[in-house]
Amino acid sequence: AGSGKFFVGGNWKCHLVSCFLISPCILKQYTQNGTKESISKLVSDLNIATLESDVDVVVSPPFVYIDQVKNSLTDRIDVAAQNCWIGKGGAFTGEISVEQLKDIGCKWVVLGHSERRHVIGEDDQFIGKKAAYALSQGVGVIACIGELLEEREAGKTFDVCFQQLKAYAGNDYQLSILWCADAVSSWDNIVIAYEPVWAIGTGKVASPEQAQEVHAAVRDWLSKNVSADVASKTRIIYGGSVNGANSAELAKKEDIDGFLVGGASLKGPEFATIINSVT
Ligand code: PEP
């Protein structure tokens with residue numbers, strides 16, 4: 001882990017998975033996650049978990065459950081949204097504005113997740129604009145970047161990540177907010193999540209060395225393109241099949257400042273293990 005405060009986010013995505021457990025005499029449906037009931041259970045597991053004090057912890061429920069989570073989860077854990085509208089709210093059917101997120105107590109928003117890029121089709125510029133608007137309204141951004149498998153195999157990992165970073169840092173709105181002399185406080189509200197797409201939800205975690213190599217390159221990019229101060233202060237977290245068994249090894253790497261966790265964040269005790277893996 002680096003010198004900044006460790007940061008662990010749980011991305012609960014849009015799961016609604018049910019499974020049937022069949023024993024010789026019982027046929028029972030277990031709802032695993034993504035329902036009011038399963039979220040209550042996850043929240044109560046998190047409320048009783050013992051968490052390292054020196055770690056920022058954030059969970060990101062689906063929009064419709066944010067209020068439930070805010071009203072039942074310990075204040076020790078902050079709440080993030082999984083997306084937001086690009087600007088001020090208004091006549092944008094189906095969207096959720098940053099103002100609405102603030103109104104229900106969300107301090108963070110996850111932007112640029114690979115599922116939004118590659119499944120929904122959001123591009124760098126659109127994501128960069130959302131980030132700029134959220135930051136301008138005082139909502140922190142968990143800014144995801146990461147390459148596809150074929151991009152890694154073609155030796156384009158750094159190019160792809162730098163291009164995505166540039167979109168967060170470089171559009172007009174942000175230029176004025178982030179690249180000016182007094183912009184450092186805005187960078188305090190950004191956590192960069194390096195999430196190689198081939199590692200997300202696949203069980204194929206990046207090795208600590210693979211992750212460290214990209215994290216170090218991202219920090220170097222920040223140093224050359226923003227400032228040495230921002231480079232040293234910005235948390236760069238890793239995401240992609242992190243679990244309770246592999247987090248401690250990853251956390252030892254000097255440029256890994258935390259994790260963004262999908263699947264394993266749906267199990268309270270395992271998520272607590274990941275949070276406590278800070279070294
Ligand atoms: C994610 O969704 O951001 C993620 C990293 O998922 P998983 O941990 O399941 O790979």
# chains A, B, ... in the order shown; residues from 1 in each chain; ligands from 1
$ residues_near_ligand --ligand "ligand 1" --cutoff "8 Å" --atoms "only C-alpha atoms and all ligand atoms" --output "PyMOL selection string"
chain A and resi 10-13+113-115+195+199-203+205+238-243+260-265
$ residues_around --residues "Glu150 of chain A" --least-positions-apart "4" --cutoff "12 Å" --atoms "only C-alpha atoms" --output "PDB file with C-alpha atoms, in the first residue's frame"
ATOM      1  CA  GLY A 146      -8.645  -0.402 -17.653  1.00  0.00           C
ATOM      2  CA  ALA A 154      -1.361  -6.014 -28.214  1.00  0.00           C
ATOM      3  CA  GLY A 155       0.877  -4.150 -25.752  1.00  0.00           C
ATOM      4  CA  LYS A 156      -1.562  -1.228 -25.484  1.00  0.00           C
ATOM      5  CA  THR A 157      -2.336  -1.315 -21.765  1.00  0.00           C
ATOM      6  CA  VAL A 160      -5.520   2.779 -23.189  1.00  0.00           C
ATOM      7  CA  PRO A 196      -8.333  -4.561 -16.221  1.00  0.00           C
ATOM      8  CA  VAL A 197     -11.485  -5.653 -18.029  1.00  0.00           C
ATOM      9  CA  TRP A 198     -10.235  -9.233 -18.371  1.00  0.00           C
TER      10      TRP A 198
END
$ select_by_dssp --residues "segment 143-226 of chain A" --states "helix (DSSP H, G or I)" --output "PyMOL selection string"
chain A and resi 149-153+157-170+172-178+184-187+197-199+208-225
$ residues_around --residues "Lys88 of chain A" --least-positions-apart "5" --cutoff "12 Å" --atoms "only C-alpha atoms" --output "ChimeraX atom specification"
/A:95-101,129-130,132-134,136-137
$ write_last_selection --atoms "C-alpha atoms" --output "compact mmCIF listing (two decimals), in the first residue's frame"
# COMPACT_ATOMS: atom_id res chain seq x y z
CA GLU A 95 -31.52 9.53 -15.31
CA ILE A 96 -30.39 10.30 -11.76
CA SER A 97 -28.72 13.64 -11.13
CA VAL A 98 -25.78 14.48 -8.93
CA GLU A 99 -28.07 16.86 -7.01
CA GLN A 100 -30.40 13.94 -6.22
CA LEU A 101 -27.48 11.79 -5.11
CA LYS A 129 -17.93 15.19 -18.46
CA LYS A 130 -19.87 13.28 -15.82
CA ALA A 132 -16.26 16.94 -14.03
CA TYR A 133 -19.84 17.72 -13.12
CA ALA A 134 -19.88 15.43 -10.08
CA SER A 136 -17.94 20.47 -9.40
CA GLN A 137 -20.87 19.61 -7.10
$ residues_around --residues "Ser40 of chain A" --least-positions-apart "3" --cutoff "8 Å" --atoms "only C-alpha atoms" --output "short mmCIF file (atom, residue, chain, number, x, y, z; two decimals) with N, CA and C atoms, in the first residue's frame"
data_model
loop_
_atom_site.label_atom_id
_atom_site.label_comp_id
_atom_site.auth_asym_id
_atom_site.auth_seq_id
_atom_site.Cartn_x
_atom_site.Cartn_y
_atom_site.Cartn_z
N LYS A 36 -34.31 -6.22 -1.26
CA LYS A 36 -34.35 -5.49 0.01
C LYS A 36 -33.87 -6.38 1.15
N GLU A 37 -34.34 -7.64 1.10
CA GLU A 37 -34.04 -8.57 2.18
C GLU A 37 -32.54 -8.90 2.22
N VAL A 43 -26.08 -5.39 5.00
CA VAL A 43 -25.87 -4.20 5.84
C VAL A 43 -25.64 -4.63 7.29
N SER A 44 -26.44 -5.59 7.79
CA SER A 44 -26.21 -5.95 9.20
C SER A 44 -24.88 -6.66 9.37
N VAL A 69 -30.03 1.69 2.28
CA VAL A 69 -28.68 1.49 2.82
C VAL A 69 -28.27 2.69 3.66
N SER A 72 -29.73 2.55 7.10
CA SER A 72 -29.48 1.42 7.99
C SER A 72 -28.00 1.11 8.19
#
$ decode --residues "segment 133-165 of chain A" --atoms "N, CA and C atoms" --output "short mmCIF file (atom, residue, chain, number, x, y, z; two decimals), in the first residue's frame"
data_model
loop_
_atom_site.label_atom_id
_atom_site.label_comp_id
_atom_site.auth_asym_id
_atom_site.auth_seq_id
_atom_site.Cartn_x
_atom_site.Cartn_y
_atom_site.Cartn_z
N TYR A 133 -18.66 17.13 -13.75
CA TYR A 133 -19.84 17.72 -13.12
C TYR A 133 -19.98 17.24 -11.67
N ALA A 134 -19.77 15.95 -11.45
CA ALA A 134 -19.88 15.43 -10.08
C ALA A 134 -18.89 16.15 -9.17
N LEU A 135 -17.66 16.30 -9.63
CA LEU A 135 -16.64 16.97 -8.81
C LEU A 135 -17.02 18.43 -8.56
N SER A 136 -17.58 19.06 -9.57
CA SER A 136 -17.94 20.47 -9.40
C SER A 136 -19.04 20.63 -8.35
N GLN A 137 -19.79 19.57 -8.10
CA GLN A 137 -20.87 19.61 -7.10
C GLN A 137 -20.43 19.02 -5.76
N GLY A 138 -19.15 18.68 -5.65
CA GLY A 138 -18.62 18.18 -4.38
C GLY A 138 -18.83 16.70 -4.14
N VAL A 139 -19.16 15.97 -5.19
CA VAL A 139 -19.30 14.51 -5.04
C VAL A 139 -18.00 13.86 -5.53
N GLY A 140 -17.43 13.00 -4.71
CA GLY A 140 -16.18 12.34 -5.07
C GLY A 140 -16.39 11.33 -6.20
N VAL A 141 -15.34 11.15 -6.99
CA VAL A 141 -15.45 10.26 -8.15
C VAL A 141 -14.48 9.09 -8.02
N ILE A 142 -15.02 7.89 -8.14
CA ILE A 142 -14.18 6.70 -8.26
C ILE A 142 -14.07 6.48 -9.77
N ALA A 143 -12.95 6.90 -10.31
CA ALA A 143 -12.78 7.00 -11.77
C ALA A 143 -12.11 5.73 -12.30
N CYS A 144 -12.92 4.90 -12.97
CA CYS A 144 -12.39 3.60 -13.43
C CYS A 144 -11.69 3.72 -14.78
N ILE A 145 -10.62 2.98 -14.90
CA ILE A 145 -9.90 2.84 -16.18
C ILE A 145 -9.50 1.38 -16.31
N GLY A 146 -9.15 0.97 -17.51
CA GLY A 146 -8.64 -0.40 -17.65
C GLY A 146 -8.76 -0.91 -19.07
N GLU A 147 -7.87 -1.82 -19.40
CA GLU A 147 -7.78 -2.32 -20.78
C GLU A 147 -8.50 -3.65 -20.96
N LEU A 148 -8.91 -3.89 -22.21
CA LEU A 148 -9.47 -5.19 -22.59
C LEU A 148 -8.32 -6.19 -22.73
N LEU A 149 -8.66 -7.47 -22.75
CA LEU A 149 -7.62 -8.49 -22.90
C LEU A 149 -6.84 -8.29 -24.21
N GLU A 150 -7.58 -8.04 -25.31
CA GLU A 150 -6.86 -7.90 -26.58
C GLU A 150 -5.96 -6.67 -26.61
N GLU A 151 -6.34 -5.65 -25.86
CA GLU A 151 -5.48 -4.47 -25.79
C GLU A 151 -4.21 -4.79 -24.99
N ARG A 152 -4.35 -5.54 -23.92
CA ARG A 152 -3.16 -5.97 -23.17
C ARG A 152 -2.27 -6.81 -24.06
N GLU A 153 -2.89 -7.76 -24.76
CA GLU A 153 -2.07 -8.66 -25.59
C GLU A 153 -1.38 -7.92 -26.73
N ALA A 154 -1.99 -6.81 -27.15
CA ALA A 154 -1.36 -6.01 -28.21
C ALA A 154 -0.37 -5.00 -27.64
N GLY A 155 -0.10 -5.07 -26.36
CA GLY A 155 0.88 -4.15 -25.75
C GLY A 155 0.35 -2.73 -25.59
N LYS A 156 -0.99 -2.59 -25.52
CA LYS A 156 -1.56 -1.23 -25.48
C LYS A 156 -2.10 -0.82 -24.11
N THR A 157 -1.76 -1.59 -23.08
CA THR A 157 -2.34 -1.31 -21.77
C THR A 157 -2.13 0.14 -21.33
N PHE A 158 -0.90 0.60 -21.40
CA PHE A 158 -0.63 1.97 -20.91
C PHE A 158 -1.34 3.01 -21.78
N ASP A 159 -1.29 2.79 -23.11
CA ASP A 159 -1.94 3.77 -24.01
C ASP A 159 -3.42 3.91 -23.67
N VAL A 160 -4.08 2.76 -23.47
CA VAL A 160 -5.52 2.78 -23.19
C VAL A 160 -5.77 3.49 -21.85
N CYS A 161 -5.00 3.13 -20.85
CA CYS A 161 -5.23 3.73 -19.53
C CYS A 161 -4.96 5.23 -19.55
N PHE A 162 -3.91 5.64 -20.26
CA PHE A 162 -3.58 7.08 -20.30
C PHE A 162 -4.66 7.86 -21.05
N GLN A 163 -5.17 7.25 -22.11
CA GLN A 163 -6.23 7.89 -22.88
C GLN A 163 -7.47 8.11 -21.99
N GLN A 164 -7.79 7.10 -21.21
CA GLN A 164 -8.96 7.20 -20.33
C GLN A 164 -8.71 8.23 -19.22
N LEU A 165 -7.49 8.25 -18.72
CA LEU A 165 -7.14 9.23 -17.68
C LEU A 165 -7.27 10.65 -18.21
#
